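Asker: This is the content of input_24.cif (mmCIF, C-alpha atoms and all ligand atoms):
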data_upload
#
loop_
_atom_site.label_atom_id
_atom_site.label_comp_id
_atom_site.auth_asym_id
_atom_site.auth_seq_id
_atom_site.Cartn_x
_atom_site.Cartn_y
_atom_site.Cartn_z
CA MET A 820 110.03 128.34 39.18
CA ARG A 821 109.05 129.89 42.47
CA THR A 822 107.64 127.87 45.26
CA GLU A 823 106.47 128.65 48.73
CA LYS A 824 107.86 127.25 51.91
CA LYS A 825 106.64 127.46 55.43
CA CYS A 826 109.27 129.24 57.50
CA PRO A 827 110.55 126.96 60.27
CA HIS A 828 111.05 129.98 62.54
CA CYS A 829 107.94 132.12 62.32
CA ALA A 830 105.65 129.60 60.55
CA ALA A 831 104.66 132.08 57.85
CA TRP A 832 104.61 131.10 54.19
CA THR A 833 107.27 132.79 52.13
CA THR A 834 108.68 132.53 48.60
CA TRP A 835 111.41 129.96 48.31
CA GLU A 836 113.74 129.69 45.34
CA LYS A 837 115.27 126.46 46.61
CA GLN A 838 118.61 128.11 47.20
CA PRO A 839 120.55 127.19 50.35
CA ASN A 840 120.79 130.85 51.40
CA ASP A 841 117.12 131.79 50.90
CA ARG A 842 115.72 133.72 53.81
CA CYS A 843 112.23 134.15 55.15
CA GLY A 844 110.50 137.30 53.89
CA HIS A 845 109.03 137.90 57.36
CA CYS A 846 111.69 137.17 59.95
CA GLN A 847 114.83 136.98 57.73
CA GLU A 848 115.82 133.63 59.15
CA LEU A 849 117.32 130.97 56.89
CA LEU A 850 114.69 128.73 55.38
CA ASP A 851 117.01 125.77 55.09
CA PRO A 852 119.97 126.12 57.47
CA VAL A 853 120.95 122.47 57.03
CA ALA A 854 121.32 122.86 53.26
CA LEU A 855 123.45 125.97 53.74
CA LYS A 856 125.73 124.17 56.17
CA GLU A 857 126.12 121.30 53.74
CA LYS A 858 126.92 123.67 50.93
CA GLU A 859 129.50 125.50 53.05
CA GLY A 860 131.02 122.17 53.99
CA ARG A 861 131.33 121.22 50.34
CA ASP A 862 132.83 124.58 49.38
CA GLU A 863 135.35 124.34 52.20
CA LYS A 864 136.39 120.83 51.19
CA GLU A 865 136.83 121.93 47.60
CA ARG A 866 138.90 124.92 48.69
CA VAL A 867 141.19 122.80 50.86
CA PHE A 868 141.54 120.25 48.08
CA LYS A 869 142.60 122.93 45.61
CA GLU A 870 145.07 124.51 48.05
CA ASN A 871 146.69 121.16 48.67
CA ASP A 872 147.06 120.40 45.00
CA PHE A 873 150.77 120.90 44.44
CA PHE A 874 150.50 120.93 40.67
CA ARG A 875 147.99 123.75 40.54
CA VAL A 876 149.71 126.93 39.38
CA ARG A 877 149.03 129.73 41.82
CA GLU A 878 148.71 133.37 40.95
CA GLU A 879 151.62 134.34 43.18
CA ASP A 880 153.95 131.80 41.57
CA ASN A 881 156.94 133.16 39.72
CA PHE A 882 158.26 131.66 36.50
CA LEU A 883 160.47 129.14 38.29
CA MET A 884 157.65 127.86 40.49
CA VAL A 885 155.36 127.48 37.48
CA ALA A 886 158.08 125.45 35.74
CA VAL A 887 158.60 123.29 38.83
CA ARG A 888 154.90 122.55 39.07
CA LYS A 889 154.61 121.72 35.39
CA VAL A 890 157.66 119.43 35.42
CA GLY A 891 156.32 117.87 38.61
CA TRP A 892 153.02 117.22 36.92
CA VAL A 893 154.73 115.57 33.92
CA LEU A 894 156.86 113.37 36.21
CA HIS A 895 153.75 112.46 38.13
CA ALA A 896 152.02 111.48 34.88
CA ILE A 897 155.02 109.42 33.77
CA PHE A 898 155.19 107.69 37.14
CA ALA A 899 151.48 106.90 36.95
CA ALA A 900 151.94 105.50 33.44
CA ILE A 901 154.86 103.30 34.55
CA THR A 902 152.86 102.04 37.51
CA TRP A 903 149.94 101.29 35.25
CA ALA A 904 152.17 99.50 32.70
CA PHE A 905 153.82 97.51 35.48
CA LEU A 906 150.47 96.42 36.87
CA TRP A 907 149.29 95.50 33.41
CA PHE A 908 152.50 93.50 32.84
CA VAL A 909 152.20 91.65 36.14
CA THR A 910 148.53 90.84 35.78
CA THR A 911 148.96 89.75 32.17
CA PHE A 912 152.05 87.56 32.47
CA ALA A 913 152.17 86.47 36.11
CA GLY A 914 149.01 84.38 36.03
ZN ZN B 1 110.15 133.42 59.12
#
Show the structure stored in the file as structure tokens.
Ligand SMILES: [Zn+2]
Answerer:
Amino acid sequence: MRTEKKCPHCAAWTTWEKQPNDRCGHCQELLDPVALKEKEGRDEKERVFKENDFFRVREEDNFLMVAVRKVGWVLHAIFAAITWAFLWFVTTFAG
């Protein structure tokens, strides 16, 4: 659905598709610069999060690195399970 928005820069009404990167049809300025900034901030956070994820297999990984990441992920899962079981044990029998 198309809506109209009053451009904050030239004050003319222009079609607005409610996308963060919509631009004014008259002056080509962004209709919602705040929304675009927020979106870019989110994308950047997501990108950094993915890059920092050790267990994510990267395209440039060779076979060994893929194996290391997969084994690492399994160990991580086992460790998490042990921690969880330990906590369950303590909370169930310590009280
Ligand atoms: Zn404008």
Asker: Separation of CA of Leu850 (chain A) and CA of Glu863 (chain A), in Å?
Answerer: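 Taking CA of Leu850 (chain A) as the start and CA of Glu863 (chain A) as the end point, the length is 21.4 Å.
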Asker: Using only C-alpha atoms and all ligand atoms, which of the listed residues (A:Gln847, A:Asn840, A:Thr822, A:Thr834) sits closest to ligand ZN 1 (chain B)?
Answerer: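 Among the listed residues, the smallest separation from ligand ZN 1 (chain B) belongs to A:Gln847.
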Asker: Step by step, measure atom-to-atom distances between ligand ZN 1 (chain B) and each residue using only C-alpha atoms and all ligand atoms, keep those at most 9 Å, then write them as a list in words.
Answerer: Lys825, Cys826, Pro827, His828, Cys829, Ala830, Ala831, Trp832, Thr833, Arg842, Cys843, Gly844, His845, Cys846, Gln847, Glu848, Leu849 and Leu850 of chain A
Asker: Measure the distance from CA of Leu855 (chain A) to CA of Glu870 (chain A) in Å and round it to one decimal.
Answerer: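 According to the coordinates, CA of Leu855 (chain A) and CA of Glu870 (chain A) are separated by 22.4 Å.
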Asker: Just checking: using all atoms listed in the file, which residue out of A:Asp872, A:Ala896, A:Asp880, A:Pro839 ends up closest to Lys856 (chain A)?
Answerer: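 The closest residue to Lys856 (chain A) is A:Pro839.
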Asker: To one decimal place, how far is CA of Asp841 (chain A) from CA of Gly860 (chain A) in Å?
Answerer: 17.2 Å
Asker: Name all residues at most 10 Å from Arg875 (chain A) (count all atoms listed in the file; drop same-chain ones fewer than 6 positions away) and give them as a list in words.
Answerer: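 My list of contacting residues is Lys869, Val885, Arg888, Lys889 and Trp892 of chain A.
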Asker: Write a file of the just-selected residues containing C-alpha atoms, as a CSV table (one decimal), in the coordinates of the input.
Answerer:
chain,number,residue,atom,x,y,z
A,869,LYS,CA,142.6,122.9,45.6
A,885,VAL,CA,155.4,127.5,37.5
A,888,ARG,CA,154.9,122.6,39.1
A,889,LYS,CA,154.6,121.7,35.4
A,892,TRP,CA,153.0,117.2,36.9
Asker: Find the residue from A:Asn871, A:Glu879, A:Thr910, A:Gln838 that sits nearest to Val853 (chain A); use all atoms listed in the file when measuring.
Answerer: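 Using all atoms listed in the file, Val853 (chain A) sits closest to A:Gln838.
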